[in-house]
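Below is one structure; the comments refer to it alone.
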Amino acid sequence: HKVFVISSVEPHFFAGYTGGRKSFLPGIAAYKSIEQNHRLALKPQAKTLALAGNPVHDDMVDALGIIRNKEIFSLMTVLDTNHRVYAATAGHIDDSFTAATEKARDVFAVKIKEKADIVVTVARFPMDIDLYQSQKALENGRLAVKERGIIILVSKCRCGIGDETFMNLLRNYNTPEKAFQKISEGYVLGYHKAAKILETKLCAEMYGVTDLPGDLLTSIFMTPFPSLQNALEHAFSIKEKNAKVLFLLDGSMTVPALD
C-alpha cells in the first residue's frame, strides 16, 4: 500500500509546527492516542517553533514508526498571509516537513527588538470563530509582552467558546493555582488549552474585546471591555504614559521572536 500525504505547515502553539507527522497523529489516530499526545502539551518544552526536545513532536514522530514500512509520499505547502502558496516541498515525509518548517519560519516569525508593556493581539477570520481557537492569538501575544504586562485579545468569537472542556475547568476554580492542581490530578483532552491560558495569566493581565458575555470572560481570568479604545485607555491608566505598545494584527498566525 502507498500513502500520499498533503498538508500545510505553519507554527503550532505546542507541536512546534503543523503538517507532516500530524496527518497521522492526531489526523487518523484513536481518541486515546490523541489524548495521550496532547497531555504532553503541558510540558514547558512544548511550544511554538520548537521541534528539538519537544515531547509532543517526538511522540508524533514515534507514532510514524507504525507505518514506516509503507511507501509514503509527502507534499507540504506553506501559505502566505493572502493564502497563496509561498512554498511547496515534496518527497520523504521527514525531509519535506523539515524543509517546509524553514519556509514557514520565514513567513510567520517576525523579529522584535524588545518586548512591549501592552500587546494588542487580533484573532482574524476564521480564527475568531470561538474562544478555543482565539487562544492561539493570546499565546503569540504572550511571546511579545513584558512580565506583568497587559495582553488585549480582540476577537469576535462569533460561535461562542467552542469546546467546553477547558472552559468548565477554568470556571470551576477561582485561582490559577487551583485550576493547575485539577489538571495535575488527571488530564482530560482539552485541559491543555486551559493550561496555556493559565500560563498566560501568570505572566500578564488579559483583557478581552469580544462578543462574549462579560461575566464569562471574568470567570476565566480575563477582563472584558466593550471596545479596543476602552481597553487601551484602561491599560494606559495602569502603565506609564510612555508604555510601549505592540500590535499583532494577525495574532493567531504571527509569532514574535526577539531579535
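Labels used: A, B, ... for chains in the order of the C-alpha cells, numbers from 1 for residues in each chain, and numbers from 1 for ligands as shown.
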
Original post:
So which residues touch stretch 105-113 of chain A within 12 Å, counting only C-alpha atoms, skipping near sequence neighbours fewer than 4 positions away, as an NGL selection string?
Top reply: :A and (9-12 or 16-18 or 48-50 or 77-87 or 98-101 or 140 or 143-145 or 244 or 246-248 or 250-259)

Export, as a CSV table (one decimal), in the first residue's frame, the selected residues with C-alpha atoms.
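Everything below was put into again03.csv:
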```
chain,number,residue,atom,x,y,z
A,9,VAL,CA,2.9,23.8,7.6
A,10,GLU,CA,2.6,26.7,9.9
A,11,PRO,CA,3.5,27.4,13.6
A,12,HIS,CA,1.6,25.5,16.2
A,16,GLY,CA,6.0,23.4,17.1
A,17,TYR,CA,4.5,23.3,13.6
A,18,THR,CA,1.5,21.8,11.9
A,48,THR,CA,5.7,27.2,19.0
A,49,LEU,CA,8.5,26.9,16.5
A,50,ALA,CA,10.2,24.2,18.8
A,77,THR,CA,2.7,23.6,1.4
A,78,VAL,CA,3.3,26.9,3.2
A,79,LEU,CA,0.8,29.7,2.6
A,80,ASP,CA,1.4,33.4,2.9
A,81,THR,CA,-0.9,35.9,4.5
A,82,ASN,CA,-3.1,36.1,1.4
A,83,HIS,CA,-3.5,32.2,1.4
A,84,ARG,CA,-1.4,31.9,-1.7
A,85,VAL,CA,1.3,29.2,-1.9
A,86,TYR,CA,4.6,30.6,-0.7
A,87,ALA,CA,6.5,27.3,-0.9
A,98,THR,CA,11.7,19.8,7.8
A,99,ALA,CA,12.2,21.8,4.6
A,100,ALA,CA,8.7,23.3,4.9
A,101,THR,CA,9.3,24.4,8.6
A,140,ASN,CA,1.5,34.5,20.5
A,143,LEU,CA,5.7,35.9,23.5
A,144,ALA,CA,5.9,39.6,23.0
A,145,VAL,CA,4.7,41.0,26.3
A,244,LYS,CA,5.4,50.6,24.6
A,246,LEU,CA,2.8,46.3,20.1
A,247,PHE,CA,0.0,45.3,17.6
A,248,LEU,CA,-0.2,41.8,16.3
A,250,ASP,CA,-2.9,38.6,12.7
A,251,GLY,CA,-2.1,37.4,16.2
A,252,SER,CA,-3.2,33.8,15.6
A,253,MET,CA,-0.5,33.3,12.9
A,254,THR,CA,2.2,35.9,13.7
A,255,VAL,CA,5.0,34.6,16.0
A,256,PRO,CA,7.1,37.3,17.7
A,257,ALA,CA,10.7,36.4,18.1
A,258,LEU,CA,13.3,38.5,19.9
A,259,ASP,CA,16.0,39.7,17.5
```

**OP:** Find the residues around stretch 184-197 of chain A up to 9 Å (only C-alpha atoms counted), leave out those fewer than 4 positions away in its own chain, and share them as number ranges by chain.
**Re:** A: 31, 34-36, 38-42, 132, 135, 138-139, 163-167, 169-170, 176, 179-180, 201-202, 220-221

**OP:** List every residue of stretch 59-243 of chain A that DSSP, applied to the backbone of this structure, places in strand (DSSP E or B), and write the result as a PyMOL selection string.
**Re:** chain A and resi 71-79+85-91+109-112+116-122+145-154+204-209+222-224

Subject >> Separation of atom CA of A:Arg148 from atom CA of A:Asp128, in Å and rounded to one decimal >> reply: 25.4 Å

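Taking atom CA of A:Glu177 as the reference point, atom CA of A:Val245 is found at 28.9 Å.
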
**OP:** Could you find all residues in stretch 106-249 of chain A that DSSP calls helix (DSSP H, G or I) from the backbone, and write them as a PyMOL selection string?
**Re:** chain A and resi 106-108+131-142+164-171+176-185+191-203+214-219+228-238

Original post:
Can you tell me how far atom CA of A:Pro226 sits from atom CA of A:Gly162, in Å to one decimal?
Top reply: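 Atom CA of A:Pro226 sits 20.9 Å away from atom CA of A:Gly162.
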
**OP:** May I ask which of the residues A:Asp94, A:Glu240, A:Glu205, A:Glu102 is the closest one to A:Ile150, counting only C-alpha atoms?
**Re:**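 Selected residue with least distance to A:Ile150: A:Glu205.
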
Non-local contacts of A:Leu75 (12 Å; only C-alpha atoms; under 2 positions in same chain excluded) as a PDB file with C-alpha atoms, in the first residue's frame:
```pdb
ATOM      1  CA  VAL A   3       0.266   6.580   1.312  1.00  0.00           C
ATOM      2  CA  PHE A   4       0.004  10.113  -0.102  1.00  0.00           C
ATOM      3  CA  VAL A   5       0.112  12.916   2.489  1.00  0.00           C
ATOM      4  CA  ILE A   6      -0.894  16.512   1.707  1.00  0.00           C
ATOM      5  CA  SER A   7      -0.891  19.194   4.397  1.00  0.00           C
ATOM      6  CA  SER A   8       0.109  22.762   5.160  1.00  0.00           C
ATOM      7  CA  VAL A   9       2.852  23.776   7.557  1.00  0.00           C
ATOM      8  CA  GLY A  19       1.910  19.390   8.991  1.00  0.00           C
ATOM      9  CA  GLY A  20       3.836  16.196   8.262  1.00  0.00           C
ATOM     10  CA  ARG A  21       3.517  13.752  11.131  1.00  0.00           C
ATOM     11  CA  SER A  23      -1.546  13.913   9.444  1.00  0.00           C
ATOM     12  CA  ILE A  72       4.781   7.378   1.853  1.00  0.00           C
ATOM     13  CA  PHE A  73       4.893  10.368  -0.486  1.00  0.00           C
ATOM     14  CA  THR A  77       2.706  23.605   1.427  1.00  0.00           C
ATOM     15  CA  VAL A  78       3.349  26.898   3.175  1.00  0.00           C
ATOM     16  CA  ALA A  87       6.482  27.342  -0.875  1.00  0.00           C
ATOM     17  CA  ALA A  88       5.916  23.647  -1.562  1.00  0.00           C
ATOM     18  CA  THR A  89       8.142  20.716  -0.632  1.00  0.00           C
ATOM     19  CA  ALA A  90       7.731  17.084  -1.604  1.00  0.00           C
ATOM     20  CA  GLY A  91       9.262  13.651  -1.128  1.00  0.00           C
ATOM     21  CA  HIS A  92      10.089  11.793   2.088  1.00  0.00           C
ATOM     22  CA  ILE A  93       7.714  12.801   4.884  1.00  0.00           C
ATOM     23  CA  ASP A  94      10.507  13.777   7.296  1.00  0.00           C
ATOM     24  CA  ASP A  95      12.586  15.681   4.743  1.00  0.00           C
ATOM     25  CA  SER A  96       9.677  17.521   3.149  1.00  0.00           C
ATOM     26  CA  PHE A  97       8.330  18.514   6.564  1.00  0.00           C
ATOM     27  CA  THR A  98      11.694  19.806   7.789  1.00  0.00           C
ATOM     28  CA  ALA A  99      12.196  21.848   4.618  1.00  0.00           C
ATOM     29  CA  ALA A 100       8.691  23.302   4.935  1.00  0.00           C
TER      30      ALA A 100
END
```

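Take the candidates A:Ala29, A:Met222, A:Leu216, A:Ala104 and check each one against A:Asn168 using only C-alpha atoms; the shortest distance goes to A:Leu216.
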